[in-house]
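Have a look at the structure below before the remarks.
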Amino acid sequence: MTEQQQRSDRQHTVIRSLGLGLITGAADDDCSAIGTYAQAGAQLGYKALWTAPVTFPMMVAVVYLSGKLGQVTGQGLFNVLRTHYSHRFVYVVLAGVVAGNTIEAGADIGGMAAAMGILLHWPQWVLVLCITAATLVLQIWGSYRVIRNIFRVIALSLTAYIFSAFLAHPQVGEAVRGTLVPSLRFNKETLSILVAIVGTSLSAYLYTWQSNQEVEEKEEAGKHTVRERRGASEGELRSGLWDVVFGMLFSNVVMYFIILATAATLYASGKHDITTAAEAAQSLTPLAGRAAGLLFTLGIIGVGFLAIPVMTTGAAYDICQSLGWKNGLAYPPSKAKGFYGVITALTLVAMSLNFLGINPMRALVISGIVQGFSTPPLMMLIMIMTNKPSIMGEQVNGRVANIFGWATTLAIFSASAGLVVTWFLQ
């Protein structure tokens, strides 16, 4: 490799590390995740902090392998499934993923509306309609490049949670102990939170989004056919790995500080249950100051405008690829009417869930549990596919990738199974 090629490779690594991984990591900390982490901190206190470092390598494994699949095959996840598996099987997997994405998007719309209501004092239904309209405009009339750059900026709104945690004045000794010493009670309440954390930090929409963004990046570079997009150099895969590590570290740090902020305030004051997204933010104000409550609120609003399009567009990718329809944000609406029609339909369905009288925060936690049950089989599929030479050629998983990948698969299956056991025991 020449010096110029090495310099180009390093530049590519830096650019990617500020790009796709950051967007995916921020989308992982959507309103559902924020609600789940806040509930974990309020219910378990500092004893929930160990879940952040434990889930970090799992998050890296999930997103890296999904991205690698897209890089090497030049296709999105469900295009690969459709090519190598029966259509009936693909539709079963599709149903679970689309349902999870839509429920979580609906919960996120409700969570955003509740948070915005603190600042604007508008009727909830007006805020829900405004949020839905704004996300649709972004997805339908914004180009892939515009959407990607807007998402990068929005992702930085999550730093609000780091500041809010410091303003909460946590007890350092207890925080360190809770981080380094895992604590787990085998009961329904604790395992429900654990499964919700696993489900929302390893949500199914991350798998399809990352694989499809790798394809979109190649489309952006002028590679418009599968043959042109197929294959990735070792340097590109290495860049993809560092991109994912950076993005998931960002996501995980935010997760840690959300738990820390609510543990230092809500749990410490005896408030162990959160009923609305607005309550989570409002409760911080008298305990940690107005600035902490405001930052918490702004974080929910900011990341919602990133996460909702990721979920609905991700589900649209999955549906269109399963049906063999043209798909991708690189296409204008006139050339991919089915794709943008599906985005619109899913967004409207997600919006309509907010008019069924379901408590927003409860819906956020429930959606995390739903993701916890839909994620294990999808992760197993990705592990199988990334180890098949017929799909990956010579770039099947190495030993390290397999160790982390299968350990992650086992962990998420175990978490879901543990919750089921507690349902029968209690």
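Just remember, in the structure tokens the first chain shown is A, the second B, etc., residues are 1-based per chain, and ligands are 1-based in the order shown.
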
Give me the residues of range 236-354 of chain A that have any atom at most 7 Å from an atom of range 162-171 of chain A; for each, the nearest atom pair and the distance in Å, rounded to one decimal. Use only C-alpha atoms, sort by chain and number, and format it as a Markdown table.
```
| residue | atom | partner | partner_atom | distance |
| --- | --- | --- | --- | --- |
| A:Val254 | CA | A:Ile162 | CA | 6.5 |
| A:Phe257 | CA | A:Ile162 | CA | 5.5 |
| A:Ile258 | CA | A:Ala165 | CA | 6.8 |
| A:Leu260 | CA | A:Ala165 | CA | 6.1 |
| A:Ala261 | CA | A:Ala165 | CA | 4.2 |
| A:Ala264 | CA | A:Pro170 | CA | 4.9 |
| A:Thr265 | CA | A:Ala168 | CA | 6.5 |
| A:Ala288 | CA | A:Ala168 | CA | 4.6 |
| A:Ala292 | CA | A:Ser164 | CA | 4.4 |
| A:Leu295 | CA | A:Ser164 | CA | 6.1 |
| A:Phe296 | CA | A:Ser164 | CA | 6.6 |
```

Residue contacts of Met379 in chain A (12 Å, only C-alpha atoms) excluding same-chain residues fewer than 6 positions away, as a PyMOL selection string: chain A and resi 58-59+61-66+77+93+97+199+202-208+371-373+385-386+402+404-413

Contacts of Ile319 in chain A within 9 Å, only C-alpha atoms, excl. fewer than 6 positions in-chain, as a list in words: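 Contacts, in chain order: Phe78, Tyr91, Leu94, Val98, Trp325, Phe339 and Val342 of chain A.
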
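With distances restricted to only C-alpha atoms, A:Ala415 is the closest residue to Thr375 in chain A from A:Val153, A:Ala415, A:Val60, A:Ala350.
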
Secondary structure check, helix (DSSP H, G or I) residues of range 148-238 of chain A, as a count of residues only: 69

Distance query Ser201 in chain A at most 8 Å, only C-alpha atoms, self and fewer than 5 positions along chain excluded, as a list in words: Asp28, Asp29, Ala33, Thr55 and Met59 of chain A

Can you write out as a tab-separated table which residues of range 10-86 of chain A fall within 10 Å of range 180-196 of chain A, alongside each residue's closest atom pair and its distance in Å to one decimal, counting only C-alpha atoms and ordering rows by chain and ascending residue number?
```
residue	atom	partner	partner_atom	distance
A:Ser32	CA	A:Ala196	CA	9.4
A:Ala33	CA	A:Ala196	CA	8.5
A:Thr36	CA	A:Ala196	CA	6.6
A:Tyr37	CA	A:Ile193	CA	8.6
A:Gln39	CA	A:Ile193	CA	7.9
A:Ala40	CA	A:Ile193	CA	6.2
A:Gly41	CA	A:Ile193	CA	9.9
A:Gln43	CA	A:Thr190	CA	8.5
A:Leu44	CA	A:Thr190	CA	7.8
A:Tyr46	CA	A:Ser183	CA	9.7
A:Lys47	CA	A:Ser183	CA	5.9
A:Ala48	CA	A:Ser183	CA	7.5
A:Leu49	CA	A:Pro182	CA	8.3
A:Trp50	CA	A:Pro182	CA	5.5
A:Thr51	CA	A:Pro182	CA	7.7
A:Pro53	CA	A:Leu180	CA	8.8
A:Val54	CA	A:Pro182	CA	9.2
```

Interatomic distance (Å, one decimal) between CA of Ile109 in chain A and CA of Leu353 in chain A: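 Distance between the two atoms: 9.3 Å.
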
Separation of CA of Thr200 in chain A from CA of Leu348 in chain A in Å: 22.1 Å

Spatial neighbours of Leu249 in chain A, max dist 9 Å, only C-alpha atoms, sep filter under 2 positions, as a ChimeraX atom specification: /A:25,56,59-60,244-247,251-254

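With only C-alpha atoms as the atoms that count, the minimum distance from Gln75 in chain A to the choices A:Asn212, A:Asn354, A:Ser416, A:Thr297 is reached by A:Asn212.
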
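Residues in contact with Leu356 in chain A at 12 Å, where only C-alpha atoms are counted and same-chain residues fewer than 6 positions away are skipped, are listed as Gly106, Ala107, Gly110, Trp125, Val349, Ala350 and Ala363 of chain A.
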
Would you output that residue set with N, CA and C atoms, as a PDB file, in the first residue's frame?
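And here's part.pdb as it stands now:
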```pdb
ATOM      1  N   GLY A 106     -43.862   4.880  17.807  1.00  0.00           N
ATOM      2  CA  GLY A 106     -45.050   5.487  18.398  1.00  0.00           C
ATOM      3  C   GLY A 106     -44.795   5.932  19.826  1.00  0.00           C
ATOM      4  N   ALA A 107     -44.095   5.099  20.580  1.00  0.00           N
ATOM      5  CA  ALA A 107     -43.762   5.461  21.962  1.00  0.00           C
ATOM      6  C   ALA A 107     -42.848   6.668  22.000  1.00  0.00           C
ATOM      7  N   GLY A 110     -44.798   9.869  21.430  1.00  0.00           N
ATOM      8  CA  GLY A 110     -45.478  10.238  22.667  1.00  0.00           C
ATOM      9  C   GLY A 110     -44.521  10.798  23.699  1.00  0.00           C
ATOM     10  N   TRP A 125     -52.183  16.426  21.591  1.00  0.00           N
ATOM     11  CA  TRP A 125     -52.485  15.972  20.229  1.00  0.00           C
ATOM     12  C   TRP A 125     -51.871  16.899  19.179  1.00  0.00           C
ATOM     13  N   VAL A 349     -49.066   5.172  11.369  1.00  0.00           N
ATOM     14  CA  VAL A 349     -49.499   4.129  12.306  1.00  0.00           C
ATOM     15  C   VAL A 349     -48.873   4.381  13.674  1.00  0.00           C
ATOM     16  N   ALA A 350     -47.585   4.705  13.688  1.00  0.00           N
ATOM     17  CA  ALA A 350     -46.896   5.002  14.950  1.00  0.00           C
ATOM     18  C   ALA A 350     -47.562   6.182  15.653  1.00  0.00           C
ATOM     19  N   ALA A 363     -45.408   2.892  27.749  1.00  0.00           N
ATOM     20  CA  ALA A 363     -45.219   2.391  26.391  1.00  0.00           C
ATOM     21  C   ALA A 363     -43.744   2.309  26.030  1.00  0.00           C
TER      22      ALA A 363
END
```

With range 222-234 of chain A as the partner and 9 Å as the cut-off, tabulate the residues of range 318-423 of chain A that qualify, each row holding the nearest pair of atoms and their distance in Å to one decimal, using only C-alpha atoms, sorted by chain and rising number, as CSV.
```
residue,atom,partner,partner_atom,distance
A:Met392,CA,A:Gly231,CA,8.5
A:Gly393,CA,A:Gly231,CA,8.8
A:Gln395,CA,A:Ala232,CA,8.7
```

Length of the CA of Ile259 in chain A to CA of Ala175 in chain A vector [Å]: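 Distance reported for this atom pair: 10.1 Å.
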